[in-house]
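Peer 1: Pasting a structure below so you can have a look.
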Amino acid sequence: MPLFKKRTVGKPGEWYYCLEHKKVEEGPECPAKDRFGPYATRAEAEHAMQTARERNLEWENDPKWHDAPAAGADDD
């Protein structure tokens with residue numbers, strides 16, 4: 001008897017965005033490496049790529065994200 005059972009069906013109400021198939025799924029149908037989620041609603045999952053772009057842009061422009069140059073360091 002296996003120690004862990006592989007969950008083949010997702011929970012109703014859990015929404016994911018599949019990066020490989022570029023579609024919204026209820027419950028995880030594709031491997032975790034190929035999806036964003038879970039999201040509470042289908043609409044949130046449909047906007048997953050837009051949300052990711054917005055967050056990436058915020059992080060790229062966040063001054064706390066980039067390390068300040070060390071004091072006394074020479075630029076080569």
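In the structure tokens, the first chain shown is A, the next is B, and so on; residue numbers restart at 1 for each chain, and ligands run from 1 in the order shown.
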Would you kindly return, as a list in words, each protein, DNA or RNA residue with an atom no farther than 12 Å from any atom of Thr51 (chain A), considering only C-alpha atoms and excluding same-chain residues fewer than 6 positions away?
Peer 2: Tyr17, Phe36, Gly37, Tyr39, Ala43, Glu44, Ala45, Leu57 and Glu58 of chain A
Peer 1: Write to file, as a PDB file, in the first residue's frame, the residues of the selection just made, with N, CA, C and O atoms.
Peer 2:
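Dumped to selection16.pdb:
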ATOM      1  N   TYR A  17      -3.945  28.345 -13.504  1.00  0.00           N
ATOM      2  CA  TYR A  17      -3.662  28.728 -14.884  1.00  0.00           C
ATOM      3  C   TYR A  17      -2.517  27.851 -15.361  1.00  0.00           C
ATOM      4  O   TYR A  17      -1.427  27.857 -14.785  1.00  0.00           O
ATOM      5  N   PHE A  36       0.203  28.171 -12.421  1.00  0.00           N
ATOM      6  CA  PHE A  36       0.102  29.181 -11.380  1.00  0.00           C
ATOM      7  C   PHE A  36      -1.169  28.879 -10.599  1.00  0.00           C
ATOM      8  O   PHE A  36      -2.176  28.486 -11.161  1.00  0.00           O
ATOM      9  N   GLY A  37      -1.138  29.108  -9.299  1.00  0.00           N
ATOM     10  CA  GLY A  37      -2.341  28.945  -8.495  1.00  0.00           C
ATOM     11  C   GLY A  37      -2.039  28.219  -7.212  1.00  0.00           C
ATOM     12  O   GLY A  37      -0.888  27.914  -6.927  1.00  0.00           O
ATOM     13  N   TYR A  39      -6.039  29.802  -7.277  1.00  0.00           N
ATOM     14  CA  TYR A  39      -6.758  31.065  -7.174  1.00  0.00           C
ATOM     15  C   TYR A  39      -8.155  30.770  -6.643  1.00  0.00           C
ATOM     16  O   TYR A  39      -8.691  29.683  -6.849  1.00  0.00           O
ATOM     17  N   ALA A  43     -11.975  33.982 -12.526  1.00  0.00           N
ATOM     18  CA  ALA A  43     -11.530  35.272 -13.055  1.00  0.00           C
ATOM     19  C   ALA A  43     -10.096  35.586 -12.638  1.00  0.00           C
ATOM     20  O   ALA A  43      -9.304  36.086 -13.441  1.00  0.00           O
ATOM     21  N   GLU A  44      -9.750  35.298 -11.383  1.00  0.00           N
ATOM     22  CA  GLU A  44      -8.370  35.524 -10.926  1.00  0.00           C
ATOM     23  C   GLU A  44      -7.397  34.667 -11.724  1.00  0.00           C
ATOM     24  O   GLU A  44      -6.325  35.131 -12.112  1.00  0.00           O
ATOM     25  N   ALA A  45      -7.749  33.422 -11.968  1.00  0.00           N
ATOM     26  CA  ALA A  45      -6.880  32.524 -12.732  1.00  0.00           C
ATOM     27  C   ALA A  45      -6.747  32.997 -14.178  1.00  0.00           C
ATOM     28  O   ALA A  45      -5.669  32.893 -14.769  1.00  0.00           O
ATOM     29  N   LEU A  57       7.059  43.793 -12.662  1.00  0.00           N
ATOM     30  CA  LEU A  57       7.385  45.193 -12.871  1.00  0.00           C
ATOM     31  C   LEU A  57       7.574  45.915 -11.534  1.00  0.00           C
ATOM     32  O   LEU A  57       8.514  46.690 -11.368  1.00  0.00           O
ATOM     33  N   GLU A  58       6.699  45.637 -10.569  1.00  0.00           N
ATOM     34  CA  GLU A  58       6.844  46.231  -9.237  1.00  0.00           C
ATOM     35  C   GLU A  58       8.179  45.834  -8.617  1.00  0.00           C
ATOM     36  O   GLU A  58       8.879  46.669  -8.036  1.00  0.00           O
TER      37      GLU A  58
END
Peer 1: List as a list in words the protein and nucleic acid residues near Gly27 (chain A), meaning an atom at most 10 Å away when only C-alpha atoms are counted, but skip any in the same chain fewer than 2 places from it.
Peer 2: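 Once the adjacent positions are removed, what remains is Thr8, Val9, Gly10, Lys11, Pro12, Gly13, Glu14, Trp15, Tyr16, Tyr17, Val24, Glu25, Glu29, Cys30, Gly37, Pro38 and Tyr39 of chain A.
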Peer 1: Please produce a file of those selected residues containing all heavy atoms, as a compact mmCIF listing (two decimals), in the first residue's frame.
Peer 2:
# COMPACT_ATOMS: atom_id res chain seq x y z
N THR A 8 -5.37 12.87 -8.12
CA THR A 8 -5.57 13.01 -9.57
C THR A 8 -6.57 14.11 -9.90
O THR A 8 -6.59 14.61 -11.00
CB THR A 8 -6.07 11.69 -10.18
OG1 THR A 8 -7.26 11.30 -9.51
CG2 THR A 8 -5.02 10.61 -10.06
N VAL A 9 -7.41 14.45 -8.94
CA VAL A 9 -8.43 15.46 -9.19
C VAL A 9 -8.24 16.58 -8.18
O VAL A 9 -7.93 16.35 -7.03
CB VAL A 9 -9.85 14.90 -9.03
CG1 VAL A 9 -10.83 15.69 -9.86
CG2 VAL A 9 -9.94 13.44 -9.37
N GLY A 10 -8.43 17.81 -8.63
CA GLY A 10 -8.32 18.95 -7.74
C GLY A 10 -9.57 19.14 -6.92
O GLY A 10 -10.59 18.50 -7.13
N LYS A 11 -9.47 20.04 -5.98
CA LYS A 11 -10.63 20.38 -5.17
C LYS A 11 -11.54 21.32 -5.96
O LYS A 11 -11.05 22.24 -6.61
CB LYS A 11 -10.19 21.08 -3.90
CG LYS A 11 -9.39 20.24 -2.97
CD LYS A 11 -9.00 21.06 -1.75
CE LYS A 11 -8.07 20.30 -0.84
NZ LYS A 11 -7.60 21.15 0.27
N PRO A 12 -12.83 21.12 -5.88
CA PRO A 12 -13.74 22.08 -6.52
C PRO A 12 -13.53 23.46 -5.90
O PRO A 12 -13.37 23.58 -4.69
CB PRO A 12 -15.13 21.53 -6.19
CG PRO A 12 -14.91 20.10 -5.85
CD PRO A 12 -13.53 20.01 -5.27
N GLY A 13 -13.49 24.45 -6.75
CA GLY A 13 -13.29 25.81 -6.25
C GLY A 13 -11.85 26.26 -6.27
O GLY A 13 -11.57 27.43 -6.01
N GLU A 14 -10.91 25.38 -6.56
CA GLU A 14 -9.50 25.77 -6.72
C GLU A 14 -9.26 25.96 -8.21
O GLU A 14 -9.49 25.06 -9.01
CB GLU A 14 -8.55 24.69 -6.21
CG GLU A 14 -8.39 24.65 -4.74
CD GLU A 14 -7.33 23.64 -4.32
OE1 GLU A 14 -6.98 22.74 -5.11
OE2 GLU A 14 -6.85 23.75 -3.19
N TRP A 15 -8.79 27.13 -8.57
CA TRP A 15 -8.56 27.44 -9.99
C TRP A 15 -7.07 27.64 -10.23
O TRP A 15 -6.36 28.20 -9.40
CB TRP A 15 -9.33 28.70 -10.37
CG TRP A 15 -10.80 28.49 -10.29
CD1 TRP A 15 -11.61 28.74 -9.22
CD2 TRP A 15 -11.63 27.94 -11.30
NE1 TRP A 15 -12.89 28.39 -9.51
CE2 TRP A 15 -12.94 27.90 -10.79
CE3 TRP A 15 -11.40 27.48 -12.58
CZ2 TRP A 15 -14.02 27.42 -11.52
CZ3 TRP A 15 -12.47 27.01 -13.32
CH2 TRP A 15 -13.76 26.98 -12.79
N TYR A 16 -6.60 27.17 -11.38
CA TYR A 16 -5.20 27.25 -11.76
C TYR A 16 -5.10 27.78 -13.19
O TYR A 16 -6.03 27.62 -13.98
CB TYR A 16 -4.53 25.87 -11.70
CG TYR A 16 -4.48 25.31 -10.30
CD1 TYR A 16 -5.54 24.62 -9.76
CD2 TYR A 16 -3.34 25.48 -9.52
CE1 TYR A 16 -5.50 24.12 -8.47
CE2 TYR A 16 -3.29 24.98 -8.23
CZ TYR A 16 -4.37 24.30 -7.71
OH TYR A 16 -4.32 23.81 -6.44
N TYR A 17 -3.95 28.35 -13.50
CA TYR A 17 -3.66 28.73 -14.88
C TYR A 17 -2.52 27.85 -15.36
O TYR A 17 -1.43 27.86 -14.78
CB TYR A 17 -3.27 30.20 -14.99
CG TYR A 17 -3.02 30.61 -16.42
CD1 TYR A 17 -4.08 30.88 -17.27
CD2 TYR A 17 -1.73 30.67 -16.94
CE1 TYR A 17 -3.86 31.22 -18.60
CE2 TYR A 17 -1.51 31.01 -18.26
CZ TYR A 17 -2.58 31.28 -19.08
OH TYR A 17 -2.37 31.61 -20.40
N VAL A 24 -7.27 27.97 -18.24
CA VAL A 24 -7.68 27.90 -16.84
C VAL A 24 -8.21 26.51 -16.57
O VAL A 24 -8.92 25.93 -17.39
CB VAL A 24 -8.75 28.98 -16.55
CG1 VAL A 24 -9.30 28.84 -15.15
CG2 VAL A 24 -8.16 30.37 -16.75
N GLU A 25 -7.87 25.97 -15.39
CA GLU A 25 -8.32 24.63 -15.00
C GLU A 25 -8.92 24.70 -13.60
O GLU A 25 -8.39 25.40 -12.76
CB GLU A 25 -7.16 23.64 -14.93
CG GLU A 25 -6.12 23.77 -15.98
CD GLU A 25 -4.93 22.85 -15.76
OE1 GLU A 25 -4.52 22.61 -14.61
OE2 GLU A 25 -4.40 22.39 -16.77
N GLU A 29 -4.87 19.98 -13.03
CA GLU A 29 -4.86 18.92 -14.04
C GLU A 29 -3.44 18.67 -14.53
O GLU A 29 -3.10 17.56 -14.90
CB GLU A 29 -5.75 19.31 -15.22
CG GLU A 29 -7.22 19.43 -14.86
CD GLU A 29 -8.07 19.92 -16.02
OE1 GLU A 29 -7.61 19.87 -17.18
OE2 GLU A 29 -9.19 20.36 -15.76
N CYS A 30 -2.63 19.72 -14.55
CA CYS A 30 -1.26 19.63 -15.05
C CYS A 30 -0.28 19.65 -13.88
O CYS A 30 -0.64 20.06 -12.77
CB CYS A 30 -0.98 20.80 -16.00
SG CYS A 30 -1.96 20.71 -17.52
N GLY A 37 -1.14 29.11 -9.30
CA GLY A 37 -2.34 28.94 -8.50
C GLY A 37 -2.04 28.22 -7.21
O GLY A 37 -0.89 27.91 -6.93
N PRO A 38 -3.04 27.98 -6.43
CA PRO A 38 -4.46 28.08 -6.72
C PRO A 38 -4.99 29.50 -6.54
O PRO A 38 -4.46 30.28 -5.76
CB PRO A 38 -5.09 27.15 -5.69
CG PRO A 38 -4.19 27.21 -4.52
CD PRO A 38 -2.81 27.39 -5.11
N TYR A 39 -6.04 29.80 -7.28
CA TYR A 39 -6.76 31.07 -7.17
C TYR A 39 -8.15 30.77 -6.64
O TYR A 39 -8.69 29.68 -6.85
CB TYR A 39 -6.86 31.74 -8.55
CG TYR A 39 -5.52 32.15 -9.09
CD1 TYR A 39 -4.82 31.32 -9.97
CD2 TYR A 39 -4.93 33.34 -8.71
CE1 TYR A 39 -3.59 31.69 -10.46
CE2 TYR A 39 -3.69 33.71 -9.20
CZ TYR A 39 -3.02 32.89 -10.07
OH TYR A 39 -1.79 33.25 -10.55
Peer 1: Find the distance between CA of Met49 (chain A) and CA of Arg35 (chain A) and write it in Å to one decimal.
Peer 2: 10.7 Å
Peer 1: Determine which residues of region 12-64 of chain A DSSP labels as strand (DSSP E) from the backbone of this structure, then write them out as a VMD selection string.
Peer 2: chain A and resid 15 to 18 23 to 26 35 to 39
